[in-house]
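A.B. asks: Next comes start.cif, mmCIF, C-alpha atoms:
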```
data_final
loop_
_atom_site.label_atom_id
_atom_site.label_comp_id
_atom_site.auth_asym_id
_atom_site.auth_seq_id
_atom_site.Cartn_x
_atom_site.Cartn_y
_atom_site.Cartn_z
CA MET A 235 51.63 -58.46 30.20
CA ARG A 236 50.08 -60.42 33.07
CA ILE A 237 52.29 -61.16 36.07
CA SER A 238 51.65 -64.33 38.05
CA ALA A 239 51.02 -64.36 41.79
CA ALA A 240 54.40 -66.06 42.36
CA GLU A 241 56.19 -63.32 40.40
CA LYS A 242 54.37 -60.59 42.36
CA GLN A 243 55.41 -62.22 45.62
CA GLU A 244 59.00 -62.45 44.40
CA ILE A 245 58.96 -58.75 43.48
CA ILE A 246 57.58 -57.81 46.92
CA GLN A 247 60.36 -59.79 48.60
CA LEU A 248 62.99 -58.27 46.28
CA VAL A 249 61.85 -54.71 47.06
CA ASP A 250 61.76 -55.51 50.77
CA ARG A 251 65.38 -56.75 50.71
CA SER A 252 66.82 -54.19 48.30
CA GLU A 253 69.37 -51.70 49.62
CA LEU A 254 68.35 -49.20 46.94
CA GLY A 255 65.05 -48.31 48.58
CA VAL A 256 61.53 -48.77 47.25
CA ASN A 257 61.46 -46.01 44.62
CA LYS A 258 64.76 -46.84 42.90
CA THR A 259 64.14 -50.59 42.96
CA LEU A 260 60.69 -50.20 41.40
CA GLN A 261 62.17 -47.86 38.80
CA GLN A 262 64.74 -50.53 37.89
CA LEU A 263 61.98 -53.14 37.57
CA GLY A 264 59.69 -50.85 35.55
CA ILE A 265 56.78 -51.15 38.00
CA ALA A 266 54.63 -48.21 39.11
CA LYS A 267 54.52 -47.46 42.84
CA SER A 268 50.70 -47.53 42.87
CA THR A 269 50.73 -51.00 41.32
CA PHE A 270 53.29 -52.28 43.80
CA TYR A 271 51.43 -50.94 46.82
CA ASN A 272 48.18 -52.48 45.56
CA TRP A 273 49.96 -55.84 45.44
CA TYR A 274 51.50 -55.24 48.85
CA LYS A 275 48.14 -54.37 50.45
CA ALA A 276 46.51 -57.46 48.93
CA TYR A 277 49.42 -59.61 50.11
CA LEU A 278 49.13 -58.31 53.68
CA GLU A 279 45.36 -58.90 53.72
CA LYS A 280 45.07 -62.27 51.95
CA GLY A 281 48.59 -63.62 51.54
CA SER A 282 49.53 -65.28 48.23
CA GLU A 283 45.87 -65.68 47.28
CA GLY A 284 45.46 -61.92 47.26
CA LEU A 285 48.06 -61.67 44.48
CA ALA A 286 46.14 -63.91 42.08
CA ALA A 287 45.18 -62.08 38.90
CA GLN A 288 41.51 -61.20 38.45
CA LYS A 289 39.82 -62.66 35.41
CA LYS A 290 39.26 -60.19 32.60
CA THR A 291 36.54 -60.40 30.00
CA ARG A 292 38.81 -59.22 27.19
CA ARG A 293 42.48 -58.69 26.56
CA GLN A 294 44.04 -55.24 26.79
CA TRP A 295 44.52 -53.21 23.62
CA ASN A 296 48.26 -52.91 24.15
CA SER A 297 48.92 -56.61 24.76
CA ILE A 298 52.09 -57.82 23.05
CA PRO A 299 51.34 -60.21 20.14
CA GLU A 300 52.59 -63.78 20.54
CA GLU A 301 54.88 -63.50 17.51
CA GLN A 302 56.64 -60.53 19.13
CA LYS A 303 57.01 -62.43 22.38
CA GLN A 304 58.62 -65.25 20.44
CA LEU A 305 60.91 -62.72 18.72
CA VAL A 306 62.08 -61.55 22.16
CA VAL A 307 62.97 -65.12 23.11
CA GLU A 308 64.76 -65.80 19.81
CA VAL A 309 66.89 -62.64 20.00
CA ALA A 310 67.67 -63.35 23.67
CA LEU A 311 68.88 -66.85 22.82
CA ASP A 312 71.04 -65.48 19.99
CA HIS A 313 72.53 -62.81 22.31
CA PRO A 314 72.63 -64.23 25.86
CA GLU A 315 75.04 -61.49 26.95
CA LEU A 316 72.40 -58.77 26.60
CA SER A 317 70.42 -57.52 29.59
CA PRO A 318 66.64 -56.93 29.20
CA ARG A 319 67.39 -53.20 28.83
CA GLU A 320 69.90 -53.79 26.03
CA LEU A 321 67.64 -56.36 24.41
CA ALA A 322 64.71 -53.90 24.34
CA CYS A 323 66.92 -51.31 22.61
CA ARG A 324 68.20 -53.84 20.07
CA LEU A 325 64.65 -54.91 19.20
CA THR A 326 63.77 -51.29 18.46
CA ASP A 327 66.95 -50.47 16.54
CA GLU A 328 67.28 -53.69 14.51
CA GLN A 329 63.79 -55.23 14.38
CA GLU A 330 61.78 -51.96 14.46
CA VAL A 331 59.57 -53.37 17.22
CA PHE A 332 58.96 -51.49 20.46
CA ILE A 333 58.72 -53.60 23.62
CA SER A 334 59.46 -51.97 26.96
CA GLU A 335 62.34 -53.13 29.13
CA SER A 336 59.96 -54.34 31.85
CA SER A 337 57.93 -56.37 29.31
CA VAL A 338 61.11 -57.93 27.89
CA TYR A 339 62.14 -58.86 31.42
CA ARG A 340 58.78 -60.47 32.18
CA ILE A 341 58.74 -62.41 28.90
CA LEU A 342 62.22 -63.81 29.56
CA LYS A 343 61.39 -64.47 33.22
CA ALA A 344 58.34 -66.51 32.19
CA LYS A 345 60.61 -68.60 29.95
CA GLY A 346 63.22 -69.06 32.70
CA LEU A 347 65.83 -67.08 30.76
CA VAL A 348 66.63 -64.47 33.42
CA THR A 349 67.11 -64.50 37.15
CA THR A 350 66.19 -61.89 39.73
CA PRO A 351 68.17 -58.71 38.88
CA GLN A 352 71.14 -57.73 40.99
CA HIS A 353 71.21 -54.01 41.77
CA ILE A 354 74.39 -51.95 42.04
CA LEU A 355 74.28 -49.13 44.55
CA LEU A 356 75.75 -45.96 43.05
CA SER A 357 75.47 -42.59 44.70
CA ALA A 358 75.02 -39.49 42.53
CA GLY A 359 77.33 -37.65 44.90
CA ASP A 360 80.18 -39.93 43.86
CA GLU A 361 80.36 -38.35 40.41
CA PHE A 362 82.40 -35.34 39.28
CA SER A 363 80.33 -32.29 40.22
CA ASP A 364 81.24 -30.11 37.22
CA LYS A 365 79.16 -31.70 34.46
CA THR A 366 80.32 -31.53 30.85
CA HIS A 367 78.02 -30.38 28.04
CA PHE A 368 79.80 -31.37 24.83
CA VAL A 369 82.38 -33.75 23.39
CA HIS A 370 86.06 -32.99 24.14
CA GLN A 371 85.18 -30.55 26.91
CA MET A 372 86.99 -32.81 29.36
CA TRP A 373 88.81 -36.13 29.19
CA GLN A 374 89.33 -38.59 32.03
CA THR A 375 92.52 -40.65 32.24
CA ASP A 376 93.81 -43.35 34.53
CA PHE A 377 95.98 -46.47 34.69
CA THR A 378 94.89 -49.98 35.58
CA TYR A 379 96.97 -53.14 35.63
CA LEU A 380 96.64 -56.50 33.87
CA LYS A 381 98.85 -59.58 34.03
CA VAL A 382 100.43 -61.52 31.19
CA LEU A 383 101.55 -64.98 32.31
CA GLY A 384 105.33 -65.31 32.13
CA TRP A 385 105.73 -61.63 31.31
CA GLY A 386 104.48 -59.91 34.45
CA TRP A 387 102.26 -56.90 34.96
CA TYR A 388 101.29 -54.46 32.21
CA TYR A 389 99.62 -51.09 32.76
CA LEU A 390 96.71 -49.87 30.64
CA SER A 391 96.63 -46.10 30.06
CA THR A 392 93.25 -44.86 28.79
CA ILE A 393 91.74 -41.55 27.64
CA LEU A 394 87.93 -41.43 28.01
CA ASP A 395 85.80 -38.52 26.81
CA ASP A 396 83.77 -37.40 29.84
CA TYR A 397 80.64 -36.30 27.93
CA SER A 398 80.21 -39.31 25.63
CA ARG A 399 82.19 -41.94 27.62
CA PHE A 400 83.89 -42.76 24.30
CA ILE A 401 87.38 -44.32 24.57
CA VAL A 402 89.45 -41.88 22.55
CA HIS A 403 92.74 -43.79 22.92
CA TRP A 404 94.39 -46.49 25.02
CA GLU A 405 97.88 -47.95 25.29
CA LEU A 406 99.37 -50.95 27.06
CA CYS A 407 102.49 -49.78 28.89
CA ARG A 408 105.29 -51.43 30.84
CA GLY A 409 105.14 -48.76 33.52
CA MET A 410 103.13 -45.84 34.87
CA THR A 411 105.37 -42.86 34.16
CA ALA A 412 104.79 -39.29 33.04
CA GLU A 413 106.29 -40.29 29.67
CA ASP A 414 103.58 -42.94 29.26
CA VAL A 415 100.92 -40.34 30.02
CA LYS A 416 102.40 -37.84 27.56
CA ARG A 417 102.49 -40.46 24.82
CA THR A 418 98.87 -41.47 25.49
CA VAL A 419 97.69 -37.84 25.41
CA ASP A 420 99.66 -37.14 22.21
CA HIS A 421 98.04 -40.09 20.41
CA ALA A 422 94.59 -39.15 21.71
CA MET A 423 95.01 -35.60 20.40
CA SER A 424 96.08 -36.96 17.02
CA LYS A 425 93.12 -39.36 16.84
CA ALA A 426 90.62 -36.70 17.90
CA GLY A 427 91.89 -34.28 15.26
CA LEU A 428 91.16 -31.25 17.42
CA ALA A 429 91.61 -27.72 16.16
CA LYS A 430 93.99 -25.39 17.99
CA HIS A 431 91.14 -23.71 19.88
CA GLN A 432 89.75 -27.11 20.99
CA ARG A 433 91.64 -28.25 24.04
CA PRO A 434 90.00 -30.51 26.64
CA ARG A 435 90.66 -30.39 30.35
CA LEU A 436 92.38 -33.56 31.57
CA LEU A 437 90.92 -35.09 34.75
CA SER A 438 93.13 -37.55 36.64
CA ASP A 439 93.88 -38.71 40.15
CA ASN A 440 96.88 -37.54 42.18
CA GLY A 441 99.24 -40.33 41.17
CA SER A 442 102.90 -39.37 40.87
CA CYS A 443 102.87 -39.61 37.08
CA TYR A 444 99.95 -37.16 36.84
CA VAL A 445 101.39 -34.50 39.17
CA ALA A 446 104.92 -34.66 37.75
CA ALA A 447 106.42 -31.30 36.79
CA ASP A 448 107.40 -32.38 33.26
CA LEU A 449 103.82 -33.54 32.56
CA LYS A 450 102.48 -30.17 33.70
CA THR A 451 104.89 -28.45 31.31
CA PHE A 452 103.87 -30.80 28.49
CA LEU A 453 100.15 -30.14 29.04
CA LYS A 454 100.70 -26.40 29.26
CA ASP A 455 102.51 -26.45 25.91
CA LYS A 456 99.55 -28.36 24.45
CA GLY A 457 97.05 -25.89 25.90
CA ILE A 458 95.50 -28.58 28.12
CA THR A 459 94.41 -27.73 31.66
CA PRO A 460 95.03 -30.53 34.18
CA VAL A 461 92.34 -31.23 36.78
CA HIS A 462 92.92 -33.53 39.75
CA GLY A 463 90.37 -35.37 41.82
CA ARG A 464 90.13 -35.08 45.57
CA GLN A 465 92.65 -37.01 47.64
CA CYS A 466 91.46 -40.51 48.63
CA HIS A 467 88.29 -40.08 46.56
CA PRO A 468 88.58 -42.22 43.39
CA GLN A 469 84.87 -41.75 42.60
CA THR A 470 85.75 -38.33 41.15
CA GLN A 471 87.00 -40.29 38.12
CA GLY A 472 83.90 -42.49 38.39
CA LYS A 473 83.32 -42.90 34.67
CA ILE A 474 86.74 -44.30 33.87
CA GLU A 475 86.70 -46.36 37.08
CA ARG A 476 83.42 -47.97 36.00
CA TYR A 477 84.84 -48.52 32.51
CA HIS A 478 87.82 -50.36 34.02
CA ARG A 479 85.48 -52.53 36.07
CA SER A 480 83.36 -53.41 33.02
CA MET A 481 86.46 -54.11 30.93
CA LYS A 482 88.09 -56.35 33.53
CA ASN A 483 84.88 -58.33 34.02
CA VAL A 484 85.28 -59.45 30.40
CA VAL A 485 88.98 -59.32 29.59
CA LYS A 486 90.12 -61.10 32.78
CA LEU A 487 87.97 -64.14 31.96
CA ASP A 488 90.90 -65.44 29.88
CA HIS A 489 94.61 -65.99 30.52
CA TYR A 490 97.16 -64.29 28.26
CA TYR A 491 100.58 -65.71 27.49
CA CYS A 492 102.01 -62.83 25.47
CA PRO A 493 101.28 -59.09 25.29
CA GLU A 494 99.86 -59.42 21.76
CA GLU A 495 97.06 -61.67 23.03
CA LEU A 496 96.11 -59.13 25.67
CA ILE A 497 96.21 -56.27 23.16
CA ALA A 498 93.89 -58.19 20.81
CA ALA A 499 91.42 -58.80 23.66
CA LEU A 500 91.51 -55.12 24.63
CA GLU A 501 90.94 -54.03 21.02
CA GLN A 502 87.91 -56.30 20.81
CA PHE A 503 86.42 -55.00 24.07
CA VAL A 504 87.02 -51.32 23.27
CA HIS A 505 85.28 -51.76 19.91
CA TYR A 506 82.32 -53.42 21.65
CA TYR A 507 82.21 -50.77 24.39
CA ASN A 508 82.41 -47.81 22.00
CA ASN A 509 80.15 -49.06 19.22
CA GLN A 510 77.80 -51.78 20.48
CA ARG A 511 77.16 -51.49 24.22
CA TYR A 512 74.02 -49.52 25.06
CA HIS A 513 74.82 -47.19 27.95
CA GLU A 514 71.94 -46.49 30.35
CA SER A 515 73.25 -43.07 31.39
CA LEU A 516 73.39 -42.05 27.70
CA ASP A 517 69.68 -42.79 27.16
CA ASN A 518 70.56 -46.28 25.93
CA VAL A 519 72.71 -45.33 22.97
CA THR A 520 76.38 -46.20 22.53
CA PRO A 521 79.31 -43.89 23.37
CA ALA A 522 80.06 -43.68 19.64
CA ASP A 523 76.51 -42.46 18.96
CA VAL A 524 77.07 -39.53 21.33
CA TYR A 525 80.68 -38.92 20.27
CA TRP A 526 79.75 -38.69 16.59
CA GLY A 527 76.51 -36.76 17.14
CA ARG A 528 74.00 -39.49 16.23
CA LYS A 529 72.15 -39.63 19.55
CA GLU A 530 69.22 -37.30 18.84
CA GLN A 531 68.51 -38.91 15.47
CA ILE A 532 68.44 -42.38 17.08
CA LEU A 533 66.13 -41.26 19.89
CA LYS A 534 63.72 -39.66 17.40
CA ARG A 535 63.65 -42.89 15.37
CA ARG A 536 62.95 -44.96 18.49
CA LYS A 537 60.11 -42.63 19.44
CA ARG A 538 58.60 -43.04 15.98
CA ILE A 539 58.90 -46.85 16.13
CA LYS A 540 57.28 -46.88 19.58
CA LYS A 541 54.34 -44.85 18.29
CA GLN A 542 53.94 -47.15 15.27
CA SER A 543 54.16 -50.33 17.38
CA LEU A 544 51.50 -49.15 19.82
CA ALA A 545 49.24 -48.08 16.93
CA LYS A 546 49.54 -51.53 15.35
CA ARG A 547 48.65 -53.23 18.64
CA LYS A 548 45.59 -51.02 19.01
CA GLU A 549 44.55 -51.76 15.43
CA LEU A 550 44.92 -55.52 16.05
CA TYR A 551 42.87 -55.22 19.23
CA GLN A 552 40.07 -53.37 17.42
CA MET A 553 40.02 -55.95 14.61
CA GLU A 554 39.72 -58.82 17.10
CA LYS A 555 37.02 -56.95 18.96
CA LEU A 556 34.96 -56.61 15.76
CA LYS A 557 35.24 -60.36 15.13
CA THR A 558 33.70 -61.10 18.52
#
```
Kindly transcribe the structure held in the file into structure tokens.

C.D. replies:
Amino acid sequence: MRISAAEKQEIIQLVDRSELGVNKTLQQLGIAKSTFYNWYKAYLEKGSEGLAAQKKTRRQWNSIPEEQKQLVVEVALDHPELSPRELACRLTDEQEVFISESSVYRILKAKGLVTTPQHILLSAGDEFSDKTHFVHQMWQTDFTYLKVLGWGWYYLSTILDDYSRFIVHWELCRGMTAEDVKRTVDHAMSKAGLAKHQRPRLLSDNGSCYVAADLKTFLKDKGITPVHGRQCHPQTQGKIERYHRSMKNVVKLDHYYCPEELIAALEQFVHYYNNQRYHESLDNVTPADVYWGRKEQILKRRKRIKKQSLAKRKELYQMEKLKT
């Protein structure tokens, strides 16, 4: 897809201002370094005029057909909450049409449907160093607080599977005690239906409820090994911390006047997060796809659809070439 001179200049300015650095910013935008530096050299030599696209005698074989561009716009208008990355995945999964994330972004940008992306700086060193390799190898747990008007503060206790990021269980509690943690773990174990030899490690911070002696005894009886993050380093539980941030960005948009309203909102978000939200770190599948073992099948299907889509574009190009 052709990028206008104004868009190239905007990208150059975005990369120049980005705190992520050139390589990571270009990776987010889906632009090759060689392409960017060609633009940058032309911009330094000739200014905005140097960014003007050169006329081509024929269109490229992999150009996206107009009907597919229109499909991108229609799906985006139906689902304004989706990012270009999520939209590209949905087009492949539901419409069986492959269009890259960068192409989706440029199509929407040309229609004025997206703004310049905001980048979040996350350091790989802020994650838990001991990576998991399968579901239920380790769970992360933590509390966060939410307010119900006229009722006061409530505390959300959550169990997240570290490998799949799937929310195994959550409870809305009146406090943050060891008893609340034990109840949450008990219900998570029941939901997971683990065999006796399957016992996850439990990663938490060093809050008083998580280091309490009676909780340690409870976990030992269950065969669960507690793991605690470093003092004053909440990024160790980075996955559940990021889940809390994503959840609050949605749930806290409304006011709640009784606990039942808040519980309903949390149920709705957890269902969306587990089953519908494409997660970039999971190769753009949902936590449920990983948790239930569907990931590889989905990725193989996407690869097949990509191959078919590119073959159809090439066939269309060759047919048009014969007509001329």

A.B. asks: Please compute the CA of Asn508 (chain A)-CA of Glu335 (chain A) distance, one decimal, in Å.

C.D. replies: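 Going from CA of Asn508 (chain A) over to CA of Glu335 (chain A) covers 22.0 Å.
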
A.B. asks: Can you tell me, as a list in words, what residues are no more than 12 Å from Lys454 (chain A) when counting all atoms listed in the file, ignoring any on the same chain fewer than 5 positions away?

C.D. replies: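 Once the nearby chain positions are removed, what remains is Lys416, Arg433, Pro434, Arg435, Leu436, Ala447, Asp448, Leu449, Thr459 and Pro460 of chain A.
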
A.B. asks: The PyMOL selection byres ((chain A and resi 496) around 10) on the file shown: which residues, as a list in words?

C.D. replies: Leu380, Lys381, Val382, Tyr388, Leu406, Val485, Lys486, Asp488, His489, Tyr490, Tyr491, Cys492, Pro493, Glu494, Glu495, Ile497, Ala498, Ala499, Leu500, Glu501 and Gln502 of chain A

A.B. asks: Using all atoms listed in the file, which residue out of A:Ser398, A:Thr411, A:Gln432, A:Thr418 lies closest to Trp526 (chain A)?

C.D. replies: A:Ser398

A.B. asks: Apply the PyMOL selection byres ((chain A and resi 477) around 12) to the displayed file and report the matching residues as a compact mmCIF listing (two decimals) with C-alpha atoms, in the frame of the given file.

C.D. replies:
```
# COMPACT_ATOMS: atom_id res chain seq x y z
CA GLN A 374 89.33 -38.59 32.03
CA THR A 375 92.52 -40.65 32.24
CA ASP A 376 93.81 -43.35 34.53
CA PHE A 377 95.98 -46.47 34.69
CA THR A 378 94.89 -49.98 35.58
CA THR A 392 93.25 -44.86 28.79
CA ILE A 393 91.74 -41.55 27.64
CA LEU A 394 87.93 -41.43 28.01
CA ASP A 395 85.80 -38.52 26.81
CA ASP A 396 83.77 -37.40 29.84
CA ARG A 399 82.19 -41.94 27.62
CA PHE A 400 83.89 -42.76 24.30
CA ILE A 401 87.38 -44.32 24.57
CA GLN A 471 87.00 -40.29 38.12
CA GLY A 472 83.90 -42.49 38.39
CA LYS A 473 83.32 -42.90 34.67
CA ILE A 474 86.74 -44.30 33.87
CA GLU A 475 86.70 -46.36 37.08
CA ARG A 476 83.42 -47.97 36.00
CA HIS A 478 87.82 -50.36 34.02
CA ARG A 479 85.48 -52.53 36.07
CA SER A 480 83.36 -53.41 33.02
CA MET A 481 86.46 -54.11 30.93
CA LYS A 482 88.09 -56.35 33.53
CA ASN A 483 84.88 -58.33 34.02
CA VAL A 484 85.28 -59.45 30.40
CA VAL A 485 88.98 -59.32 29.59
CA PHE A 503 86.42 -55.00 24.07
CA VAL A 504 87.02 -51.32 23.27
CA TYR A 507 82.21 -50.77 24.39
CA ASN A 508 82.41 -47.81 22.00
CA ARG A 511 77.16 -51.49 24.22
CA HIS A 513 74.82 -47.19 27.95
CA PRO A 521 79.31 -43.89 23.37
```

A.B. asks: How far is it from CA of Tyr379 (chain A) to CA of Asp420 (chain A), in Å with one decimal?

C.D. replies: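 These atoms are spaced 21.1 Å apart.
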
A.B. asks: Expanded to explicit residues, what is the PyMOL selection byres ((chain A and resi 241) around 12) for this file, as a list in words?

C.D. replies: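 Output of the PyMOL selection byres ((chain A and resi 241) around 12): Arg236, Ile237, Ser238, Ala239, Ala240, Lys242, Gln243, Glu244, Ile245, Ile246, Gln247, Leu248, Phe270, Trp273, Ser282, Leu285, Ala286, Ala287, Tyr339, Arg340, Ile341, Lys343, Ala344, Gly346, Thr349 and Thr350 of chain A.
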
A.B. asks: What lies within 12 Å of Leu342 (chain A) using only C-alpha atoms, ignoring chain neighbours under 2 positions off, as number ranges by chain?

C.D. replies: A: 235, 303-311, 314, 316-319, 321-322, 335-340, 344-350

A.B. asks: Rounded to one decimal in Å, what is the spacing between CA of Trp373 (chain A) and CA of Asp455 (chain A)?

C.D. replies: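 Value for the CA of Trp373 (chain A)-CA of Asp455 (chain A) distance: 17.1 Å.
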
A.B. asks: Could you check which of A:Met410, A:Val415, A:Val256, A:Leu487 is closest to Lys450 (chain A), using all atoms listed in the file?

C.D. replies: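 Under the stated criterion, the closest residue is A:Val415.
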
A.B. asks: Enclose all atoms of region 385-398 of chain A listed in the file in an axis-aligned box, grow every side by 5 Å, and hand back centre and edge lengths in Å to one decimal, as lines of an AutoDock Vina configuration file.

C.D. replies:
```
center_x = 93.0
center_y = -49.0
center_z = 30.3
size_x = 35.5
size_y = 35.3
size_z = 19.3
```

A.B. asks: Could you name the residues that touch region 533-539 of chain A at 7 Å or less, counting all atoms listed in the file, but leaving out those on the same chain fewer than 3 positions away, as a list in words?

C.D. replies: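 The residues satisfying every condition are Thr326, Glu330, Val331, Phe332, Lys529, Glu530, Gln542 and Ser543 of chain A.
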
A.B. asks: Would you please work out which residue, of A:His370, A:Arg417, A:Arg408, A:Lys546, is nearest to Phe452 (chain A) when using only C-alpha atoms?

C.D. replies: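 Comparing A:His370, A:Arg417, A:Arg408, A:Lys546 against Phe452 (chain A), the winner is A:Arg417.
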